[in-house]
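Asks: My questions all concern the structure below.
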Amino acid sequence: MTDPNRDYEQLAERLTETGRDVDAINRALSAFDVETPSWGYGDSGTRFATFQQPGRPRNVFERLQDAAEVHRLTGAASAVALHFPWDHVDDLPALRSHAESLGLRIGAVNPNLFQDPDYKLGSVTHPDERVREKAVEHLLECVHVAHELGSTAQSLWLADGTNYAGQDDLIARRHRMLGCLARVYEALPPEQELLVEYKLFEPAFYATDLADWGSALLVCQKLGDRAKVLIDLGHHAQGVNIEQIVAVLDDEGRLGGFHFNNRKYADDDLIVGSVNPFELFLIFVELTAPGRAMPRLTIDQSHNIEAKVEAMTLSVVNLQEAYAKALLVDRDELARAQRARDVLRAHEVLLDAYGIDVRPLCAKTRGERGAAEDPIRALREGGYVERAVAERGSAETVAEGWGR
Ligand code: RM4
Ligand code: MN
Ligand code: MN
């Protein structure tokens, strides 16, 4: 068995020898924080089935408890993104103080415009004014909810789109959307921003109304400065260079945030870093480029067969490690190689950082923050899940629906 302290000392020594400022890296790492999604703790499934897990949270209060456990273990997940109406409660102040009593704050509020039968042909793009009004009303309600909960963002994903060529006029849909979103934007209190997510496909299979980052950016530019684009890793065509999208949106001052997950094929919502850790590292290399401010970072995953609290904990750990590796990129050497037009030296600078085992560094930082050096092991040994099963019930069944 290796000694974690010795591993850390050896790594720190090597990093110092190669000119890295280990204290600065430790400071940056310990300030790292992501939002976890309430919907990642509750039931979720595929369109074929939802497998309910023993000890699953029965309501938003219990979903927050699970999120607090992930934060306790990782020290880096202090906010929880909520989804409405999945997380609806009558008493918003009670929800807010429950979160605060657990050492959490409420992250982005996510309106849901994709499950009501009225939205079959769209929400803010729907041809019927009545349906569009209903959608705007829900969005305005979410602005109010966020304000009450101390949240500073609306995170909007539209399922709107068409399944067949000729089904509707694409530009008429766009104009309806712009009209509705302008009203919501106008209603935002100063502390809130509007994050606009895009997705190439699903549930619409001919034309999604906000299919790509460019379409989302155009909408944001029309709305105003506090409208920004949100990137979800599962929402692109295969092979799209996501790190380049990060760089371009940041350059335009419109990078609002991230939905982290990983995919092999479509919007698979698997654990971030489980399929393509190198891509994740390259995204963090862009996010940490000199002069850039970190946008809102959120996990957006559905854990269908894996243990949920464990999956979320591993996701935060994977993000910490990708971030740590990005912090180790020798930016001066990279700039030198680029100036020298040395193609492979520049690439090698990235590979050098990627190749470093940062686990001792992350473990040390977590320990210093009062979190677990080995979060997954601490979760397994700490009995949290067993206690949840005892309190919440152990029925493992297959059910309809997901998100709560
Ligand atoms: C969508 C999208 C949204 C999320 C829903 C549940 O594919 O990623 O961000 O709110 O799923
Ligand atoms: Mn998403
Ligand atoms: Mn998605």
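Residues in the structure tokens are numbered from 1 in each chain, the chains being A, B, ... in the order shown, and ligands are numbered from 1 in the order shown.
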With only C-alpha atoms and all ligand atoms counted, collect every polymer residue having an atom within 6 Å of ligand 2; state the result as a ChimeraX atom specification.

Replies: /A:232,259,300

Asks: Take the residues from that selection and write them out as a compact mmCIF listing (two decimals), in the first residue's frame, keeping N, CA, C and O atoms.

Replies:
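selection39.txt written:
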# COMPACT_ATOMS: atom_id res chain seq x y z
N ASP A 232 -23.27 21.78 -23.01
CA ASP A 232 -23.46 20.45 -22.41
C ASP A 232 -22.67 19.48 -23.27
O ASP A 232 -22.85 19.43 -24.50
N HIS A 259 -22.45 22.02 -18.65
CA HIS A 259 -23.08 20.81 -18.11
C HIS A 259 -22.13 19.67 -18.40
O HIS A 259 -21.97 19.26 -19.56
N ASP A 300 -24.37 17.48 -15.20
CA ASP A 300 -25.73 17.14 -15.68
C ASP A 300 -25.69 15.68 -16.13
O ASP A 300 -25.30 15.40 -17.26

Asks: Using only C-alpha atoms, which protein or nucleic acid residues come within 7 Å of Val329 in chain A? Drop anything in the same chain fewer than 5 positions from it, and give the result as a PyMOL selection string.

Replies: chain A and resi 349-350+353

Asks: Output N, CA and C atoms for every residue in the selection just made, as a PDB file, in the first residue's frame.

Replies:
ATOM      1  N   VAL A 349       3.876  19.802 -24.458  1.00  0.00           N
ATOM      2  CA  VAL A 349       3.664  20.519 -23.196  1.00  0.00           C
ATOM      3  C   VAL A 349       2.328  20.092 -22.578  1.00  0.00           C
ATOM      4  N   LEU A 350       1.324  19.945 -23.445  1.00  0.00           N
ATOM      5  CA  LEU A 350       0.017  19.487 -22.948  1.00  0.00           C
ATOM      6  C   LEU A 350       0.104  18.039 -22.476  1.00  0.00           C
ATOM      7  N   ALA A 353       1.639  17.616 -18.987  1.00  0.00           N
ATOM      8  CA  ALA A 353       0.727  17.885 -17.868  1.00  0.00           C
ATOM      9  C   ALA A 353      -0.294  16.763 -17.720  1.00  0.00           C
TER      10      ALA A 353
END

Asks: Given a cut-off of 9 Å, what residues near ligand 1 show up using only C-alpha atoms and all ligand atoms, put as a PDB file with N, CA and C atoms, in the first residue's frame?

Replies:
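So the final result, stored in result32.pdb, reads:
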ATOM      1  N   PRO A  37     -26.436  18.284  -9.745  1.00  0.00           N
ATOM      2  CA  PRO A  37     -27.842  18.451 -10.133  1.00  0.00           C
ATOM      3  C   PRO A  37     -28.766  17.633  -9.227  1.00  0.00           C
ATOM      4  N   TRP A  39     -31.452  16.455  -9.988  1.00  0.00           N
ATOM      5  CA  TRP A  39     -32.028  15.364 -10.782  1.00  0.00           C
ATOM      6  C   TRP A  39     -31.065  14.200 -10.975  1.00  0.00           C
ATOM      7  N   HIS A  83     -34.361  21.710 -10.511  1.00  0.00           N
ATOM      8  CA  HIS A  83     -35.151  21.566 -11.735  1.00  0.00           C
ATOM      9  C   HIS A  83     -36.617  21.685 -11.338  1.00  0.00           C
ATOM     10  N   ASN A 110     -33.386  25.369 -13.127  1.00  0.00           N
ATOM     11  CA  ASN A 110     -33.659  24.843 -14.468  1.00  0.00           C
ATOM     12  C   ASN A 110     -35.154  24.686 -14.687  1.00  0.00           C
ATOM     13  N   PRO A 111     -35.730  25.546 -15.532  1.00  0.00           N
ATOM     14  CA  PRO A 111     -37.147  25.381 -15.851  1.00  0.00           C
ATOM     15  C   PRO A 111     -37.345  24.106 -16.681  1.00  0.00           C
ATOM     16  N   ASN A 112     -38.543  23.574 -16.640  1.00  0.00           N
ATOM     17  CA  ASN A 112     -38.835  22.359 -17.389  1.00  0.00           C
ATOM     18  C   ASN A 112     -39.955  22.652 -18.377  1.00  0.00           C
ATOM     19  N   PHE A 114     -40.530  20.593 -21.062  1.00  0.00           N
ATOM     20  CA  PHE A 114     -40.513  19.434 -21.963  1.00  0.00           C
ATOM     21  C   PHE A 114     -41.388  18.267 -21.536  1.00  0.00           C
ATOM     22  N   SER A 155     -31.165  28.399 -15.979  1.00  0.00           N
ATOM     23  CA  SER A 155     -30.453  27.577 -16.948  1.00  0.00           C
ATOM     24  C   SER A 155     -31.490  26.904 -17.824  1.00  0.00           C
ATOM     25  N   LEU A 156     -31.552  27.361 -19.063  1.00  0.00           N
ATOM     26  CA  LEU A 156     -32.682  26.996 -19.915  1.00  0.00           C
ATOM     27  C   LEU A 156     -32.279  26.048 -21.028  1.00  0.00           C
ATOM     28  N   TRP A 157     -32.904  24.888 -21.015  1.00  0.00           N
ATOM     29  CA  TRP A 157     -32.762  23.985 -22.157  1.00  0.00           C
ATOM     30  C   TRP A 157     -34.141  23.770 -22.757  1.00  0.00           C
ATOM     31  N   LEU A 158     -34.247  23.982 -24.063  1.00  0.00           N
ATOM     32  CA  LEU A 158     -35.519  23.802 -24.751  1.00  0.00           C
ATOM     33  C   LEU A 158     -35.518  22.471 -25.491  1.00  0.00           C
ATOM     34  N   ALA A 159     -36.602  21.741 -25.328  1.00  0.00           N
ATOM     35  CA  ALA A 159     -36.758  20.506 -26.107  1.00  0.00           C
ATOM     36  C   ALA A 159     -37.399  20.811 -27.458  1.00  0.00           C
ATOM     37  N   GLU A 197     -28.888  26.858 -23.235  1.00  0.00           N
ATOM     38  CA  GLU A 197     -28.265  25.591 -23.636  1.00  0.00           C
ATOM     39  C   GLU A 197     -28.744  25.217 -25.040  1.00  0.00           C
ATOM     40  N   TYR A 198     -27.918  24.552 -25.793  1.00  0.00           N
ATOM     41  CA  TYR A 198     -28.303  24.109 -27.130  1.00  0.00           C
ATOM     42  C   TYR A 198     -28.105  22.607 -27.224  1.00  0.00           C
ATOM     43  N   LYS A 199     -28.728  22.017 -28.220  1.00  0.00           N
ATOM     44  CA  LYS A 199     -28.576  20.570 -28.415  1.00  0.00           C
ATOM     45  C   LYS A 199     -28.948  20.219 -29.846  1.00  0.00           C
ATOM     46  N   GLU A 202     -32.697  15.375 -30.397  1.00  0.00           N
ATOM     47  CA  GLU A 202     -33.396  14.761 -29.281  1.00  0.00           C
ATOM     48  C   GLU A 202     -33.957  15.778 -28.290  1.00  0.00           C
ATOM     49  N   PRO A 203     -35.268  15.812 -28.045  1.00  0.00           N
ATOM     50  CA  PRO A 203     -36.261  14.865 -28.559  1.00  0.00           C
ATOM     51  C   PRO A 203     -36.694  15.152 -29.998  1.00  0.00           C
ATOM     52  N   LEU A 230     -24.608  28.036 -22.587  1.00  0.00           N
ATOM     53  CA  LEU A 230     -24.181  26.930 -21.731  1.00  0.00           C
ATOM     54  C   LEU A 230     -23.875  25.720 -22.611  1.00  0.00           C
ATOM     55  N   ASP A 232     -23.271  21.785 -23.012  1.00  0.00           N
ATOM     56  CA  ASP A 232     -23.465  20.455 -22.414  1.00  0.00           C
ATOM     57  C   ASP A 232     -22.673  19.475 -23.274  1.00  0.00           C
ATOM     58  N   LEU A 233     -21.801  18.707 -22.634  1.00  0.00           N
ATOM     59  CA  LEU A 233     -20.877  17.866 -23.406  1.00  0.00           C
ATOM     60  C   LEU A 233     -21.561  16.824 -24.287  1.00  0.00           C
ATOM     61  N   GLY A 234     -22.815  16.508 -23.998  1.00  0.00           N
ATOM     62  CA  GLY A 234     -23.484  15.472 -24.786  1.00  0.00           C
ATOM     63  C   GLY A 234     -24.339  15.998 -25.919  1.00  0.00           C
ATOM     64  N   HIS A 235     -24.241  17.292 -26.208  1.00  0.00           N
ATOM     65  CA  HIS A 235     -25.221  17.891 -27.115  1.00  0.00           C
ATOM     66  C   HIS A 235     -24.708  18.222 -28.507  1.00  0.00           C
ATOM     67  N   HIS A 259     -22.448  22.016 -18.647  1.00  0.00           N
ATOM     68  CA  HIS A 259     -23.080  20.814 -18.114  1.00  0.00           C
ATOM     69  C   HIS A 259     -22.128  19.666 -18.404  1.00  0.00           C
ATOM     70  N   ASP A 267     -26.619  11.674 -26.230  1.00  0.00           N
ATOM     71  CA  ASP A 267     -26.601  12.433 -24.975  1.00  0.00           C
ATOM     72  C   ASP A 267     -26.680  11.423 -23.837  1.00  0.00           C
ATOM     73  N   ASP A 269     -25.216  11.034 -20.962  1.00  0.00           N
ATOM     74  CA  ASP A 269     -25.209  11.485 -19.557  1.00  0.00           C
ATOM     75  C   ASP A 269     -24.482  10.530 -18.617  1.00  0.00           C
ATOM     76  N   ASP A 300     -24.374  17.475 -15.196  1.00  0.00           N
ATOM     77  CA  ASP A 300     -25.725  17.138 -15.683  1.00  0.00           C
ATOM     78  C   ASP A 300     -25.686  15.684 -16.130  1.00  0.00           C
ATOM     79  N   GLN A 301     -26.029  14.794 -15.230  1.00  0.00           N
ATOM     80  CA  GLN A 301     -25.931  13.366 -15.540  1.00  0.00           C
ATOM     81  C   GLN A 301     -27.177  12.623 -15.065  1.00  0.00           C
ATOM     82  N   SER A 302     -27.424  11.491 -15.690  1.00  0.00           N
ATOM     83  CA  SER A 302     -28.471  10.578 -15.236  1.00  0.00           C
ATOM     84  C   SER A 302     -27.791   9.259 -14.918  1.00  0.00           C
ATOM     85  N   GLY A 403     -36.502  12.008 -12.778  1.00  0.00           N
ATOM     86  CA  GLY A 403     -36.237  13.370 -12.358  1.00  0.00           C
ATOM     87  C   GLY A 403     -36.570  13.599 -10.902  1.00  0.00           C
TER      88      GLY A 403
END

Asks: Near Leu255 in chain A, within 7 Å and counting only C-alpha atoms, which residues show up once chain neighbours fewer than 6 positions away are dropped, as a compact mmCIF listing (two decimals) with N, CA, C and O atoms, in the first residue's frame?

Replies:
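Final output, around_26.txt:
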# COMPACT_ATOMS: atom_id res chain seq x y z
N LYS A 228 -26.11 34.16 -21.64
CA LYS A 228 -24.86 33.51 -22.03
C LYS A 228 -25.11 32.06 -22.43
O LYS A 228 -26.11 31.47 -22.01
N VAL A 229 -24.19 31.51 -23.16
CA VAL A 229 -24.37 30.16 -23.70
C VAL A 229 -23.86 29.12 -22.70
O VAL A 229 -22.83 29.30 -22.06
N LEU A 230 -24.61 28.04 -22.59
CA LEU A 230 -24.18 26.93 -21.73
C LEU A 230 -23.88 25.72 -22.61
O LEU A 230 -24.67 25.34 -23.47
N VAL A 246 -15.41 26.48 -26.31
CA VAL A 246 -15.12 27.17 -25.05
C VAL A 246 -14.34 28.45 -25.32
O VAL A 246 -14.68 29.54 -24.84
N LEU A 249 -16.48 31.18 -27.28
CA LEU A 249 -17.51 31.81 -26.45
C LEU A 249 -16.88 32.70 -25.38
O LEU A 249 -17.38 33.79 -25.08
N PRO A 295 -16.30 29.86 -15.68
CA PRO A 295 -17.75 30.02 -15.68
C PRO A 295 -18.39 29.07 -14.66
O PRO A 295 -17.69 28.33 -13.98

Asks: Give me, please, the distance in Å between CA of Ile106 in chain A and CA of Ser38 in chain A, quoted to one decimal.

Replies: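 Interatomic distance, CA of Ile106 in chain A to CA of Ser38 in chain A: 10.0 Å.
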
Asks: Give me, as a ChimeraX atom specification, all polymer residues having an atom no more than 7 Å from range 70-74 of chain A, counting only C-alpha atoms and skipping those fewer than 4 positions away in the same chain.

Replies: /A:66,78,309,312-313,316-317,366,371-372,375

Asks: Using the chain letters and numbers from this document, which residues of range 102-186 of chain A does DSSP assign to strand (DSSP E or B), as a VMD selection string?

Replies: chain A and resid 105 to 111 153 to 156 161 to 162

Asks: Could you tell me, as a VMD selection string, which residues of range 43-252 of chain A DSSP assigns to alpha helix (DSSP H) when given the backbone?

Replies: chain A and resid 60 to 74 92 to 101 129 to 149 170 to 187 213 to 223 242 to 251

Asks: Between A:Leu113, A:Ile376, A:Val145, A:Ala28, which one has atoms that come closest to Val89 in chain A, using only C-alpha atoms?

Replies: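 Using only C-alpha atoms, Val89 in chain A sits closest to A:Val145.
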
Asks: Take CA of Cys362 in chain A and CA of Leu314 in chain A and report the distance between them in Å, one decimal.

Replies: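 One can read the CA of Cys362 in chain A to CA of Leu314 in chain A distance as 12.7 Å.
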
Asks: Just how far from CA of Ala79 in chain A is CA of Val389 in chain A, in Å to one decimal?

Replies: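 Result for CA of Val389 in chain A versus CA of Ala79 in chain A: 24.0 Å, one decimal.
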
Asks: Nearest to ligand 3: which of A:Asn262, A:Ser123, A:Gln53, A:Ser101 is it, counting only C-alpha atoms and all ligand atoms?

Replies: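 Residue with the minimum atom-to-atom distance to ligand 3: A:Asn262.
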
Asks: For ligand 3, which of A:Leu139, A:Ile242, A:Ala81, A:Ala266 is the closest residue, counting only C-alpha atoms and all ligand atoms?

Replies: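 So, comparing all the options, the nearest one is A:Ala266.
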
Asks: If you count only C-alpha atoms, which residues fall within 10 Å of Leu188 in chain A, apart from same-chain ones fewer than 4 positions away, as a list in words?

Replies: Leu140, Val143, His144, Ala146, His147, Thr152, Ala153, Gln154, Arg183, Val184, Gln192, Glu193, Leu194 and Arg226 of chain A

Asks: Give the answer as one residue: which of A:Gln238, A:Gly42, A:Gln52, A:Phe32 has the shortest atom-to-atom distance to Tyr265 in chain A, using only C-alpha atoms?

Replies: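 Comparing A:Gln238, A:Gly42, A:Gln52, A:Phe32 against Tyr265 in chain A, the winner is A:Gln238.
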